file my_file.txt (compact mmCIF, C-alpha atoms)
# COMPACT_ATOMS: atom_id res chain seq x y z
CA MET B 1356 -62.78 43.39 27.18
CA LYS B 1357 -61.34 44.68 30.48
CA HIS B 1358 -62.87 41.75 32.39
CA LEU B 1359 -61.67 39.22 29.80
CA ILE B 1360 -58.10 40.52 30.15
CA LEU B 1361 -58.39 40.41 33.96
CA LYS B 1362 -59.66 36.82 33.83
CA ALA B 1363 -56.81 35.78 31.52
CA VAL B 1364 -54.20 37.37 33.82
CA LEU B 1365 -55.68 35.76 36.93
CA VAL B 1366 -55.96 32.29 35.39
CA SER B 1367 -52.42 32.56 34.03
CA GLY B 1368 -51.19 33.60 37.47
CA LEU B 1369 -52.85 30.62 39.13
CA THR B 1370 -51.35 28.28 36.54
CA PHE B 1371 -47.87 29.74 37.09
CA LEU B 1372 -48.18 29.39 40.86
CA ALA B 1373 -49.47 25.84 40.53
CA VAL B 1374 -46.55 24.74 38.32
CA GLY B 1375 -44.06 26.32 40.73
CA SER B 1376 -45.72 24.89 43.80
CA VAL B 1377 -45.43 21.25 42.73
CA LYS B 1378 -41.72 21.60 43.39
CA ALA B 1379 -42.40 22.34 47.04
CA GLN B 1380 -42.08 19.77 49.78
CA ASP B 1381 -44.94 17.63 51.03
CA GLU B 1382 -46.00 17.87 54.64
CA ASN B 1383 -48.70 15.22 54.42
CA VAL B 1384 -46.47 12.16 54.89
CA LYS B 1385 -46.63 9.11 57.10
CA ASP B 1386 -45.52 9.45 60.70
CA SER B 1387 -45.12 6.98 63.52
CA VAL B 1388 -48.88 6.66 64.09
CA LYS B 1389 -50.45 3.53 62.61
CA ARG B 1390 -53.35 4.53 60.29
CA LYS B 1391 -56.65 2.79 59.85
CA LYS B 1392 -56.96 0.75 56.68
CA PHE B 1393 -59.87 2.76 55.28
CA GLU B 1394 -59.11 6.27 56.53
CA ILE B 1395 -60.87 9.05 54.57
CA ASN B 1396 -58.66 11.86 53.24
CA TYR B 1397 -60.49 15.03 52.23
CA GLY B 1398 -57.49 16.77 50.65
CA VAL B 1399 -56.45 15.42 47.24
CA GLY B 1400 -53.38 16.75 45.47
CA ILE B 1401 -49.99 16.36 43.86
CA THR B 1402 -46.78 17.28 45.70
CA ILE B 1403 -43.13 16.65 44.92
CA GLY B 1404 -39.91 16.92 46.93
CA GLU B 1405 -40.39 15.45 50.43
CA LYS B 1406 -37.21 14.90 52.41
CA LYS B 1407 -36.97 11.90 54.72
CA ASP B 1408 -34.47 10.86 57.34
CA SER B 1409 -32.69 7.52 57.58
CA THR B 1410 -35.87 5.84 58.86
CA GLY B 1411 -37.84 6.95 55.80
CA LYS B 1412 -39.90 9.52 57.74
CA VAL B 1413 -40.02 13.30 57.73
CA ASP B 1414 -38.74 15.10 60.82
CA GLN B 1415 -41.92 16.96 61.78
CA ASN B 1416 -40.05 19.44 64.00
CA LYS B 1417 -37.63 20.55 61.30
CA GLY B 1418 -38.47 23.73 59.37
CA ARG B 1419 -39.22 23.15 55.68
CA PHE B 1420 -41.08 24.53 52.69
CA VAL B 1421 -44.40 22.83 51.98
CA GLY B 1422 -46.96 23.06 49.22
CA GLY B 1423 -48.39 21.66 46.05
CA ILE B 1424 -51.42 21.40 43.83
CA THR B 1425 -54.36 20.30 45.94
CA PHE B 1426 -58.13 20.27 46.20
CA THR B 1427 -58.80 21.09 49.81
CA ARG B 1428 -60.43 23.48 52.28
CA LEU B 1429 -63.84 23.12 50.69
CA ASP B 1430 -66.10 25.65 52.44
CA ILE B 1431 -69.87 25.26 52.22
CA GLY B 1432 -72.04 27.59 54.26
CA LEU B 1433 -74.59 30.36 54.56
CA THR B 1434 -74.10 34.01 53.64
CA LYS B 1435 -75.60 36.98 55.45
CA LEU B 1436 -75.72 40.55 54.15
CA VAL B 1437 -74.71 43.18 56.69
CA ASP B 1438 -76.09 46.65 55.92
CA ASN B 1439 -73.97 49.20 57.81
CA GLY B 1440 -73.72 46.89 60.80
CA ASP B 1441 -77.34 45.72 60.67
CA PHE B 1442 -78.65 42.38 59.44
CA SER B 1443 -81.84 44.13 58.28
CA LEU B 1444 -81.59 45.74 54.86
CA SER B 1445 -82.10 49.49 54.56
CA PRO B 1446 -84.84 50.89 52.24
CA ALA B 1447 -82.20 51.56 49.57
CA ASN B 1448 -81.25 47.87 49.56
CA ASP B 1449 -84.66 46.34 50.23
CA PHE B 1450 -84.85 44.99 46.66
CA LEU B 1451 -81.97 42.65 47.62
CA ASP B 1452 -84.15 40.91 50.20
CA TYR B 1453 -83.10 37.24 50.10
CA LYS B 1454 -84.01 33.75 51.28
CA PRO B 1455 -81.69 33.26 54.29
CA TRP B 1456 -81.48 29.45 54.12
CA LYS B 1457 -80.74 29.45 50.37
CA THR B 1458 -78.21 32.30 50.26
CA SER B 1459 -74.86 30.59 50.45
CA THR B 1460 -71.15 30.50 49.77
CA VAL B 1461 -68.93 27.83 48.24
CA SER B 1462 -65.15 28.02 48.00
CA PHE B 1463 -62.11 25.78 47.66
CA ASP B 1464 -58.35 26.01 47.18
CA LEU B 1465 -56.39 24.47 44.31
CA LEU B 1466 -52.84 25.18 45.45
CA GLN B 1467 -50.81 26.29 48.42
CA PHE B 1468 -47.22 27.23 49.14
CA GLY B 1469 -45.71 28.04 52.51
CA TYR B 1470 -43.30 27.20 55.29
CA ARG B 1471 -43.75 24.86 58.24
CA PHE B 1472 -41.68 26.11 61.16
CA ASN B 1473 -42.29 23.03 63.30
CA ASN B 1474 -44.90 20.35 63.94
CA TYR B 1475 -47.32 22.90 65.40
CA PHE B 1476 -47.08 26.07 63.27
CA LYS B 1477 -47.27 26.76 59.54
CA VAL B 1478 -47.73 29.85 57.33
CA TYR B 1479 -48.90 29.45 53.74
CA LEU B 1480 -50.40 31.30 50.79
CA ALA B 1481 -53.22 29.51 48.99
CA GLY B 1482 -55.11 30.14 45.76
CA GLY B 1483 -58.59 29.08 44.70
CA PHE B 1484 -62.11 30.17 43.86
CA ASP B 1485 -65.27 31.16 45.72
CA TRP B 1486 -68.87 32.01 44.94
CA THR B 1487 -71.40 34.19 46.76
CA LEU B 1488 -74.91 32.94 45.85
CA ILE B 1489 -77.79 35.27 46.80
CA ARG B 1490 -81.30 33.82 46.39
CA LEU B 1491 -83.48 36.88 45.84
CA ASP B 1492 -86.89 36.76 47.47
CA GLN B 1493 -88.65 39.26 45.22
CA ASN B 1494 -89.80 38.73 41.64
CA ILE B 1495 -87.27 41.11 40.08
CA THR B 1496 -84.47 41.08 37.52
CA ILE B 1497 -81.21 42.94 38.13
CA ARG B 1498 -80.45 45.02 35.05
CA LYS B 1499 -77.41 44.23 32.94
CA ASN B 1500 -75.01 47.06 31.95
CA ALA B 1501 -76.90 49.57 34.09
CA PRO B 1502 -75.08 52.68 35.40
CA ALA B 1503 -76.00 51.64 38.96
CA LEU B 1504 -77.40 48.56 40.68
CA GLU B 1505 -80.92 48.73 39.23
CA TYR B 1506 -83.75 46.27 38.75
CA ASP B 1507 -87.02 45.61 36.95
CA VAL B 1508 -90.13 44.21 38.61
CA ILE B 1509 -91.37 41.18 36.65
CA THR B 1510 -95.15 40.89 36.40
CA ASP B 1511 -95.64 38.43 33.53
CA ALA B 1512 -93.78 35.50 35.16
CA THR B 1513 -93.03 34.09 38.61
CA PHE B 1514 -89.53 32.85 39.36
CA SER B 1515 -89.19 29.54 41.16
CA LYS B 1516 -85.47 30.35 41.37
CA ASN B 1517 -83.93 33.82 41.24
CA ARG B 1518 -80.21 33.64 42.04
CA PHE B 1519 -77.87 36.63 41.98
CA SER B 1520 -74.23 35.56 42.32
CA ALA B 1521 -70.59 36.59 42.03
CA SER B 1522 -67.50 34.44 41.42
CA TYR B 1523 -64.01 35.38 42.60
CA VAL B 1524 -60.47 34.03 42.49
CA HIS B 1525 -59.09 34.34 46.01
CA PHE B 1526 -55.67 34.28 47.69
CA PRO B 1527 -55.78 33.67 51.45
CA LEU B 1528 -52.67 33.99 53.62
CA ASN B 1529 -53.18 31.48 56.42
CA PHE B 1530 -51.54 30.97 59.80
CA GLU B 1531 -52.11 27.47 61.14
CA LEU B 1532 -51.75 26.24 64.70
CA ARG B 1533 -52.26 22.55 65.39
CA THR B 1534 -51.91 20.09 68.24
CA LYS B 1535 -50.01 16.84 68.37
CA GLU B 1536 -51.73 13.86 66.76
CA ASN B 1537 -53.67 11.61 69.08
CA SER B 1538 -53.79 7.81 69.03
CA HIS B 1539 -56.28 7.94 66.13
CA GLY B 1540 -53.98 10.02 63.95
CA LYS B 1541 -56.18 13.11 64.35
CA ARG B 1542 -55.39 16.59 65.64
CA PHE B 1543 -57.08 19.92 66.37
CA ARG B 1544 -56.36 22.85 64.04
CA PHE B 1545 -56.89 26.58 64.29
CA VAL B 1546 -56.38 28.55 61.06
CA PHE B 1547 -56.78 32.29 60.55
CA GLY B 1548 -55.60 35.03 58.24
CA PRO B 1549 -56.38 37.76 55.71
CA GLU B 1550 -57.65 37.15 52.19
CA VAL B 1551 -57.84 39.13 48.95
CA ALA B 1552 -60.01 38.26 45.96
CA PHE B 1553 -60.54 39.47 42.39
CA LEU B 1554 -63.89 39.42 40.62
CA LEU B 1555 -64.27 37.00 37.73
CA ASP B 1556 -67.92 37.53 36.89
CA GLY B 1557 -71.43 38.16 38.17
CA LYS B 1558 -74.49 36.20 37.13
CA VAL B 1559 -78.28 36.22 37.29
CA LYS B 1560 -79.86 32.77 36.99
CA GLN B 1561 -83.65 32.52 36.88
CA ILE B 1562 -86.14 29.71 36.41
CA SER B 1563 -89.79 30.32 35.57
CA GLU B 1564 -92.57 28.43 33.86
CA LYS B 1565 -92.90 31.04 31.12
CA TYR B 1566 -89.23 31.66 30.24
CA GLY B 1567 -87.64 28.43 31.42
CA LYS B 1568 -84.01 28.69 32.57
CA VAL B 1569 -82.30 32.03 31.90
CA LYS B 1570 -78.66 32.92 32.65
CA VAL B 1571 -77.20 36.41 32.19
CA ASN B 1572 -73.58 37.34 32.93
CA ASP B 1573 -72.33 40.81 33.86
CA ASP B 1574 -70.21 42.35 36.62
CA TYR B 1575 -73.42 43.81 38.16
CA HIS B 1576 -71.27 46.31 40.09
CA PHE B 1577 -69.86 43.66 42.42
CA THR B 1578 -66.67 45.08 43.89
CA ALA B 1579 -63.72 44.17 41.64
CA PHE B 1580 -61.24 43.82 44.52
CA ARG B 1581 -62.39 42.28 47.78
CA TYR B 1582 -60.49 41.89 51.04
CA GLY B 1583 -61.31 40.42 54.42
CA GLY B 1584 -60.44 37.57 56.73
CA THR B 1585 -61.27 33.95 57.54
CA VAL B 1586 -61.13 31.83 60.70
CA ARG B 1587 -61.31 28.03 60.76
CA VAL B 1588 -61.30 25.57 63.64
CA GLY B 1589 -61.56 21.83 63.29
CA TYR B 1590 -60.62 18.31 64.21
CA GLY B 1591 -59.10 15.93 61.70
CA GLY B 1592 -60.19 16.97 58.22
CA ILE B 1593 -63.52 18.60 59.19
CA GLY B 1594 -64.16 21.96 60.81
CA LEU B 1595 -66.12 25.19 60.99
CA PHE B 1596 -65.33 28.46 59.24
CA ALA B 1597 -66.36 32.11 59.43
CA LYS B 1598 -65.49 34.68 56.75
CA TYR B 1599 -66.01 38.43 56.69
CA SER B 1600 -65.49 40.87 53.81
CA ALA B 1601 -64.12 44.14 55.11
CA ASN B 1602 -65.05 46.20 52.06
CA ASP B 1603 -68.41 46.70 50.35
CA LEU B 1604 -70.14 44.01 48.32
CA PHE B 1605 -70.89 46.49 45.51
CA ASP B 1606 -69.07 49.56 44.20
CA THR B 1607 -72.23 51.68 43.86
CA PRO B 1608 -72.86 54.70 46.17
CA ALA B 1609 -76.39 53.56 47.06
CA GLN B 1610 -75.00 50.27 48.44
CA LYS B 1611 -72.21 51.85 50.48
CA GLY B 1612 -71.72 49.95 53.73
CA LEU B 1613 -73.37 46.75 52.47
CA LYS B 1614 -71.02 43.85 53.25
CA ALA B 1615 -71.17 40.06 53.36
CA MET B 1616 -70.26 37.51 55.99
CA SER B 1617 -70.36 33.71 55.75
CA PHE B 1618 -70.13 30.72 58.08
CA GLY B 1619 -70.45 26.98 57.71
CA LEU B 1620 -68.51 23.73 57.32
CA THR B 1621 -64.97 23.17 56.07
CA PHE B 1622 -63.85 19.86 54.58
CA GLY B 1623 -60.18 19.03 54.04
CA LEU B 1624 -58.89 21.32 56.76
CA ASN B 1625 -55.07 21.28 56.76
call {"tool": "encode", "arguments": {"input": "my_file.txt", "output": "structure tokens"}}
result
Amino acid sequence: MKHLILKAVLVSGLTFLAVGSVKAQDENVKDSVKRKKFEINYGVGITIGEKKDSTGKVDQNKGRFVGGITFTRLDIGLTKLVDNGDFSLSPANDFLDYKPWKTSTVSFDLLQFGYRFNNYFKVYLAGGFDWTLIRLDQNITIRKNAPALEYDVITDATFSKNRFSASYVHFPLNFELRTKENSHGKRFRFVFGPEVAFLLDGKVKQISEKYGKVKVNDDYHFTAFRYGGTVRVGYGGIGLFAKYSANDLFDTPAQKGLKAMSFGLTFGLN
């Protein structure tokens, strides 16, 4: 019941922010650069309230509020577990041994609201969702509703897929530096800032020949409140990201010091 109430509050908060943010101004408007006819835009959204000068263009050097509902900053990458500063898992966490090329992260933002000081600097708060997807290497099942992070060794079936995951709603505060657009209408961007996130749910998803596809939801002792930071650098709408969680991945004493870091590609960087 506690998690259902938390989910309802978080979803309601995102909805409230989204409705308010559509009243913000739009920074993604036409400028003096002539665009290609079939240019690809990775960010898709709804914004209201842009202010133009007598020429019908926005003064890019004038400070203004910006924001709106958007689907952008799609991060897709790999996740590494860091056990007290070491990429090798300790004996206490050895059961979490994972497939490194199949342990991943996916995240995206649905809204943002901030202030552009000039053509080169912007600060904004965003809201969205992210998933940490751990592909366990061992033939085990993480126990549901256990007093600690415990597991059972499975001997009567072999899992072709054994995924242990957590979903969060996140709120990054980003500081963006960008260059002037070049003749192709592209620019370099550097984005960094802190981020907080609230747990929505944990999940075990397994596939085996004997049991078929099995999905079990629980919080699995994933930390309820997560904080850390993200750095992105890119050109145009594509870039690279790195994310680090400053607090522990789980709230159990045996997993103290076990954290997660991620890196990969960002689409819709703005």
call {"tool": "residues_around", "arguments": {"input": "my_file.txt", "residues": "region 1499-1507 of chain B", "least_positions_apart": "6", "cutoff": "7 Å", "atoms": "all atoms listed in the file", "output": "list in words"}}
result
Asp1573, Tyr1575, His1576 and Thr1607 of chain B
call {"tool": "write_last_selection", "arguments": {"input": "my_file.txt", "atoms": "C-alpha atoms", "output": "CSV table (one decimal), in the coordinates of the input"}}
result
chain,number,residue,atom,x,y,z
B,1573,ASP,CA,-72.3,40.8,33.9
B,1575,TYR,CA,-73.4,43.8,38.2
B,1576,HIS,CA,-71.3,46.3,40.1
B,1607,THR,CA,-72.2,51.7,43.9
call {"tool": "residues_around", "arguments": {"input": "my_file.txt", "residues": "region 1589-1596 of chain B", "least_positions_apart": "5", "cutoff": "10 Å", "atoms": "all atoms listed in the file", "output": "short mmCIF file (atom, residue, chain, number, x, y, z; two decimals) with C-alpha atoms, keeping the file's coordinate frame"}}
result
data_model
loop_
_atom_site.label_atom_id
_atom_site.label_comp_id
_atom_site.auth_asym_id
_atom_site.auth_seq_id
_atom_site.Cartn_x
_atom_site.Cartn_y
_atom_site.Cartn_z
CA ILE B 1395 -60.87 9.05 54.57
CA ASN B 1396 -58.66 11.86 53.24
CA TYR B 1397 -60.49 15.03 52.23
CA GLY B 1398 -57.49 16.77 50.65
CA THR B 1427 -58.80 21.09 49.81
CA ARG B 1428 -60.43 23.48 52.28
CA LEU B 1429 -63.84 23.12 50.69
CA ASP B 1430 -66.10 25.65 52.44
CA ILE B 1431 -69.87 25.26 52.22
CA GLY B 1432 -72.04 27.59 54.26
CA ARG B 1533 -52.26 22.55 65.39
CA THR B 1534 -51.91 20.09 68.24
CA GLU B 1536 -51.73 13.86 66.76
CA HIS B 1539 -56.28 7.94 66.13
CA GLY B 1540 -53.98 10.02 63.95
CA LYS B 1541 -56.18 13.11 64.35
CA ARG B 1542 -55.39 16.59 65.64
CA PHE B 1543 -57.08 19.92 66.37
CA ARG B 1544 -56.36 22.85 64.04
CA PHE B 1545 -56.89 26.58 64.29
CA VAL B 1546 -56.38 28.55 61.06
CA PHE B 1547 -56.78 32.29 60.55
CA SER B 1617 -70.36 33.71 55.75
CA PHE B 1618 -70.13 30.72 58.08
CA GLY B 1619 -70.45 26.98 57.71
CA LEU B 1620 -68.51 23.73 57.32
CA THR B 1621 -64.97 23.17 56.07
CA PHE B 1622 -63.85 19.86 54.58
CA GLY B 1623 -60.18 19.03 54.04
CA LEU B 1624 -58.89 21.32 56.76
CA ASN B 1625 -55.07 21.28 56.76
#
call {"tool": "atom_distance", "arguments": {"input": "my_file.txt", "atom1": "CA of Phe1450 (chain B)", "atom2": "CA of Lys1435 (chain B)"}}
result
15.1 Å
call {"tool": "atom_distance", "arguments": {"input": "my_file.txt", "atom1": "CA of Tyr1582 (chain B)", "atom2": "CA of Tyr1599 (chain B)"}}
result
8.6 Å
call {"tool": "residues_around", "arguments": {"input": "my_file.txt", "residues": "Gly1583 (chain B)", "least_positions_apart": "6", "cutoff": "7 Å", "atoms": "all atoms listed in the file", "output": "list in words"}}
result
Pro1549, Glu1550, Val1551, Tyr1599, Ser1600 and Ala1601 of chain B
call {"tool": "write_last_selection", "arguments": {"input": "my_file.txt", "atoms": "C-alpha atoms", "output": "short mmCIF file (atom, residue, chain, number, x, y, z; two decimals), keeping the file's coordinate frame"}}
result
data_model
loop_
_atom_site.label_atom_id
_atom_site.label_comp_id
_atom_site.auth_asym_id
_atom_site.auth_seq_id
_atom_site.Cartn_x
_atom_site.Cartn_y
_atom_site.Cartn_z
CA PRO B 1549 -56.38 37.76 55.71
CA GLU B 1550 -57.65 37.15 52.19
CA VAL B 1551 -57.84 39.13 48.95
CA TYR B 1599 -66.01 38.43 56.69
CA SER B 1600 -65.49 40.87 53.81
CA ALA B 1601 -64.12 44.14 55.11
#
call {"tool": "residues_around", "arguments": {"input": "my_file.txt", "residues": "Tyr1523 (chain B)", "least_positions_apart": "5", "cutoff": "7 Å", "atoms": "all atoms listed in the file", "output": "PyMOL selection string"}}
result
chain B and resi 1484-1486+1552-1555
call {"tool": "atom_distance", "arguments": {"input": "my_file.txt", "atom1": "CA of Phe1530 (chain B)", "atom2": "CA of Ala1615 (chain B)"}}
result
22.6 Å
call {"tool": "residues_near_point", "arguments": {"input": "my_file.txt", "point": "(-76.0, 45.5, 51.9)", "cutoff": "12 Å", "atoms": "all atoms listed in the file", "output": "ChimeraX atom specification"}}
result
/B:1434-1453,1489,1504,1577,1600,1602-1616
call {"tool": "closest_residue", "arguments": {"input": "my_file.txt", "among": "B:Arg1518, B:Arg1471, B:His1525, B:Lys1598", "to": "Gln1561 (chain B)", "atoms": "all atoms listed in the file"}}
result
B:Arg1518
call {"tool": "closest_residue", "arguments": {"input": "my_file.txt", "among": "B:Phe1476, B:Tyr1566, B:Phe1580, B:Phe1519", "to": "Leu1532 (chain B)", "atoms": "all atoms listed in the file"}}
result
B:Phe1476
call {"tool": "closest_residue", "arguments": {"input": "my_file.txt", "among": "B:Gly1423, B:Pro1527, B:Asn1572, B:Ala1597", "to": "Val1478 (chain B)", "atoms": "all atoms listed in the file"}}
result
B:Pro1527
